[in-house]
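K.L.:
Starting off with a structure, shown below.
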Amino acid sequence: MTVPPPNFDRARIERAVREILIGIGEDPDREGLRDTPARVARAYAEQFSGLGQRPEDALTTMFDADHDEMVLVKDIEVMSMCEHHLLPFYGVAHIGYTPNEKGKVTGLSKLARLVDVYARRPQLQERMTSQIADGLMQVLEPRGVIVVIEAEHMCMTMRGVRKPGAKTITSAVRGDFRTCEATRAEAMSLILRR
Ligand SMILES: Nc1nc2c(ncn2[C@@H]2O[C@H](COP(=O)(O)OP(=O)(O)OP(=O)(O)O)[C@@H](O)[C@H]2O)c(=O)[nH]1
Ligand SMILES: [Zn+2]
């Protein structure tokens, strides 16, 4: 079950959506639109649920794996909302890290949960990429992190410049992925391998 963010004001969203419908020249009381403000509020409770969450809420399970070499999870689905147009952007995230000398690792699914902590907010792709990297560094204390996100922005597809298919690729490297070219190159070759 999704927990809405702490300052979530359902009634306010419903009023605002009703105003938008009037603003575009629609009749908010016609049958098809009557429940739309409530539906949008429910959808936003889910889409923006990351606002109340911290990285430690996602990275709840750690193990001593006695493994201090790279762990990489590829092609994690990511869906977020651009903060400029409140339209979706979506694609995949690739997250790699090098466990610290104690071999501390996290559950693989927790990396995907970490993506959602930052994706379920009004976002910029660059900021989301850095936040995921910093959140993982902070909680897991690994020797390094690499995050690469490939996404398509609906605000570039369905309106404005209208360029479907354009992909934005962002990366954030921390620790040994930043300082060691060979480590970064190994991760990138695994990420780019199809
Ligand atoms: N850097 C970055 N830009 C983004 C992201 N999402 C959307 N944008 C861009 O934000 C910019 C906002 O530009 P503005 O000129 O203020 O808004 P606009 O008139 O709607 O721009 P157009 O989309 O070019 O029509 C656009 O160029 C979008 O493509 C993102 O995650 N990162
Ligand atoms: Zn946008």
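Ligands are numbered from 1 in the order shown, residues from 1 within each chain, and chains are lettered A, B, ... in the order they appear in the structure tokens.
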Can you work out which residues are within 8 Å of ligand 1, considering only C-alpha atoms and all ligand atoms, and then hand them over as a list in words?
P.N.:
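Using only C-alpha atoms and all ligand atoms, everything at most 8 Å from ligand 1 comes to Cys82, Glu83, His84, His85, Phe89, Gln123, Leu124, Gln125, Glu126, Arg127, His153, Cys155, Met156, Arg159, Gly160 and Val161 of chain A.
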K.L.:
Any idea what the distance is between atom CA of Ala45 of chain A and atom CA of Ala11 of chain A?
P.N.:
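That distance, rounded to one decimal, is 11.8 Å.
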K.L.:
Residues within 12 Å of Gln138 of chain A, please, as a PDB file with C-alpha atoms, in the first residue's frame. Count only C-alpha atoms; anything in the same chain fewer than 5 positions from it doesn't count.
P.N.:
```pdb
ATOM      1  CA  ARG A  54      14.505   8.693   2.955  1.00  0.00           C
ATOM      2  CA  PRO A  55      17.079   6.293   1.497  1.00  0.00           C
ATOM      3  CA  GLU A  56      17.183   4.287   4.744  1.00  0.00           C
ATOM      4  CA  LEU A  59      17.713   0.125   2.096  1.00  0.00           C
ATOM      5  CA  GLN A 131      20.334  11.564  -5.202  1.00  0.00           C
ATOM      6  CA  ILE A 132      20.277   7.808  -5.836  1.00  0.00           C
ATOM      7  CA  ALA A 133      24.090   7.716  -5.834  1.00  0.00           C
ATOM      8  CA  ARG A 143      33.682   2.040  -1.613  1.00  0.00           C
ATOM      9  CA  GLY A 144      31.899   3.545  -4.599  1.00  0.00           C
ATOM     10  CA  VAL A 145      28.684   3.881  -6.578  1.00  0.00           C
ATOM     11  CA  ARG A 174      31.137   8.334  -6.468  1.00  0.00           C
ATOM     12  CA  GLY A 175      34.120   6.830  -4.633  1.00  0.00           C
TER      13      GLY A 175
END
```
K.L.:
Run DSSP on the backbone and give me the residues of chain A it puts in alpha helix (DSSP H), as a short mmCIF file (atom, residue, chain, number, x, y, z; two decimals) with C-alpha atoms, in the first residue's frame.
P.N.:
```
data_model
loop_
_atom_site.label_atom_id
_atom_site.label_comp_id
_atom_site.auth_asym_id
_atom_site.auth_seq_id
_atom_site.Cartn_x
_atom_site.Cartn_y
_atom_site.Cartn_z
CA ARG A 10 -6.07 15.58 -0.95
CA ALA A 11 -8.88 18.16 -0.79
CA ARG A 12 -6.61 20.87 -2.12
CA ILE A 13 -5.54 18.75 -5.10
CA GLU A 14 -9.17 17.93 -5.87
CA ARG A 15 -10.09 21.63 -5.84
CA ALA A 16 -7.12 22.47 -8.04
CA VAL A 17 -7.88 19.77 -10.61
CA ARG A 18 -11.48 20.96 -10.79
CA GLU A 19 -10.13 24.48 -11.48
CA ILE A 20 -7.85 23.14 -14.24
CA LEU A 21 -10.82 21.43 -15.88
CA ILE A 22 -12.76 24.68 -15.81
CA GLY A 23 -9.66 26.53 -17.03
CA GLU A 31 -20.31 12.37 -16.00
CA GLY A 32 -16.89 11.37 -17.31
CA LEU A 33 -15.09 14.09 -15.35
CA ARG A 34 -17.08 14.08 -12.12
CA THR A 36 -11.52 12.96 -12.06
CA PRO A 37 -10.32 15.32 -9.28
CA ALA A 38 -10.50 12.47 -6.76
CA ARG A 39 -8.81 10.07 -9.19
CA VAL A 40 -5.97 12.51 -9.85
CA ALA A 41 -5.52 13.04 -6.09
CA ARG A 42 -5.28 9.27 -5.59
CA ALA A 43 -2.82 8.97 -8.47
CA TYR A 44 -0.67 11.83 -7.08
CA ALA A 45 -0.63 10.22 -3.63
CA GLU A 46 1.13 7.31 -5.33
CA GLN A 47 3.22 9.20 -7.89
CA PRO A 55 17.08 6.29 1.50
CA GLU A 56 17.18 4.29 4.74
CA ASP A 57 13.46 3.55 4.28
CA ALA A 58 14.38 1.63 1.10
CA LEU A 108 18.95 -6.46 -4.68
CA SER A 109 15.31 -5.39 -4.62
CA LYS A 110 16.26 -2.60 -2.22
CA LEU A 111 18.17 -0.88 -5.01
CA ALA A 112 14.96 -0.77 -7.04
CA ARG A 113 13.12 0.56 -3.97
CA LEU A 114 15.77 3.26 -3.63
CA VAL A 115 15.03 4.36 -7.21
CA ASP A 116 11.37 4.79 -6.29
CA VAL A 117 12.20 6.93 -3.21
CA TYR A 118 13.63 9.53 -5.58
CA ALA A 119 11.54 8.87 -8.71
CA GLN A 125 16.69 13.46 -14.25
CA GLU A 126 20.11 14.82 -13.27
CA ARG A 127 19.08 15.44 -9.64
CA MET A 128 17.44 12.02 -9.34
CA THR A 129 20.62 10.35 -10.62
CA SER A 130 22.79 12.16 -8.04
CA GLN A 131 20.33 11.56 -5.20
CA ILE A 132 20.28 7.81 -5.84
CA ALA A 133 24.09 7.72 -5.83
CA ASP A 134 24.36 9.83 -2.66
CA GLY A 135 21.60 7.89 -0.87
CA LEU A 136 23.39 4.61 -1.52
CA MET A 137 26.75 6.06 -0.42
CA GLN A 138 25.22 7.41 2.78
CA VAL A 139 23.36 4.30 3.93
CA LEU A 140 25.44 1.39 2.62
CA MET A 154 7.01 12.95 -22.39
CA CYS A 155 7.41 16.74 -22.34
CA MET A 156 9.74 16.32 -25.34
CA THR A 157 7.49 13.76 -27.01
CA ASP A 176 36.19 4.32 -6.60
CA PHE A 177 34.01 4.67 -9.70
CA ARG A 178 35.06 8.31 -9.79
CA THR A 179 38.72 7.82 -8.92
CA GLU A 181 39.07 4.66 -14.52
CA ALA A 182 39.29 0.84 -14.84
CA THR A 183 36.44 0.30 -12.33
CA ARG A 184 34.28 2.84 -14.13
CA ALA A 185 35.11 1.33 -17.53
CA GLU A 186 34.24 -2.19 -16.29
CA ALA A 187 30.87 -0.96 -15.02
CA MET A 188 30.11 0.94 -18.22
CA SER A 189 30.92 -2.08 -20.40
CA LEU A 190 28.52 -4.21 -18.32
CA ILE A 191 25.84 -1.50 -18.47
CA LEU A 192 26.15 -1.03 -22.24
#
```
K.L.:
Would you pick out the contacts of Lys104 of chain A at 8 Å or less, using only C-alpha atoms, so that residues sharing its chain but fewer than 5 positions from it are not included, and give the list as a list in words?
P.N.:
Met62, Phe63, Asp64, Ala65, Asp66, His67, Asp68, Pro99, Leu140 and Pro142 of chain A
K.L.:
Quote the spacing between atom CA of Gly96 of chain A and atom CA of Val71 of chain A in Å to one decimal place.
P.N.:
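Atom CA of Val71 of chain A lies 5.4 Å from atom CA of Gly96 of chain A.
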K.L.:
Considering only C-alpha atoms and all ligand atoms, can you say which of A:Cys180, A:Leu87, A:Val78, A:Val147 comes closest to ligand 2?
P.N.:
A:Leu87
K.L.:
Which residue, A:Thr170, A:Ser80, A:Thr106, A:Asn100, has the smallest gap to ligand 2 when you use only C-alpha atoms and all ligand atoms?
P.N.:
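Nearest to ligand 2: A:Ser80.
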K.L.:
Just the strand (DSSP E or B) stuff from chain A, please, per backbone DSSP, written as an NGL selection string.
P.N.:
:A and (62-64 or 71-82 or 88-98 or 104-106 or 122-123 or 144-153 or 168-175)
K.L.:
Name the closest residue to ligand 2 among the candidates A:Ile146, A:Met81, A:Val3, A:Ile95; distances are taken between atoms, counting only C-alpha atoms and all ligand atoms.
P.N.:
A:Met81
K.L.:
Check the smallest atom-to-atom distance from each of A:Arg162, A:Ile169, A:Leu86, A:Arg194 to ligand 2 using only C-alpha atoms and all ligand atoms, then report the winner.
P.N.:
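For ligand 2, the nearest of the given residues is A:Leu86.
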K.L.:
Could you work out how far atom CA of Val173 of chain A lies from atom CA of Lys102 of chain A, giving the answer in Å with one decimal?
P.N.:
21.1 Å
K.L.:
Counting only C-alpha atoms and all ligand atoms, which of A:Gly50, A:Pro122, A:Pro6, A:Gly103 gets nearest to ligand 2?
P.N.:
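Using only C-alpha atoms and all ligand atoms, the shortest distance to ligand 2 belongs to A:Pro122.
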K.L.:
Please determine, counting only C-alpha atoms and all ligand atoms, which residue among A:Glu152, A:Ala172, A:Lys74, A:Lys167 has the shortest atom-to-atom distance to ligand 2.
P.N.:
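Looking only at the distances to ligand 2, the closest residue turns out to be A:Glu152.
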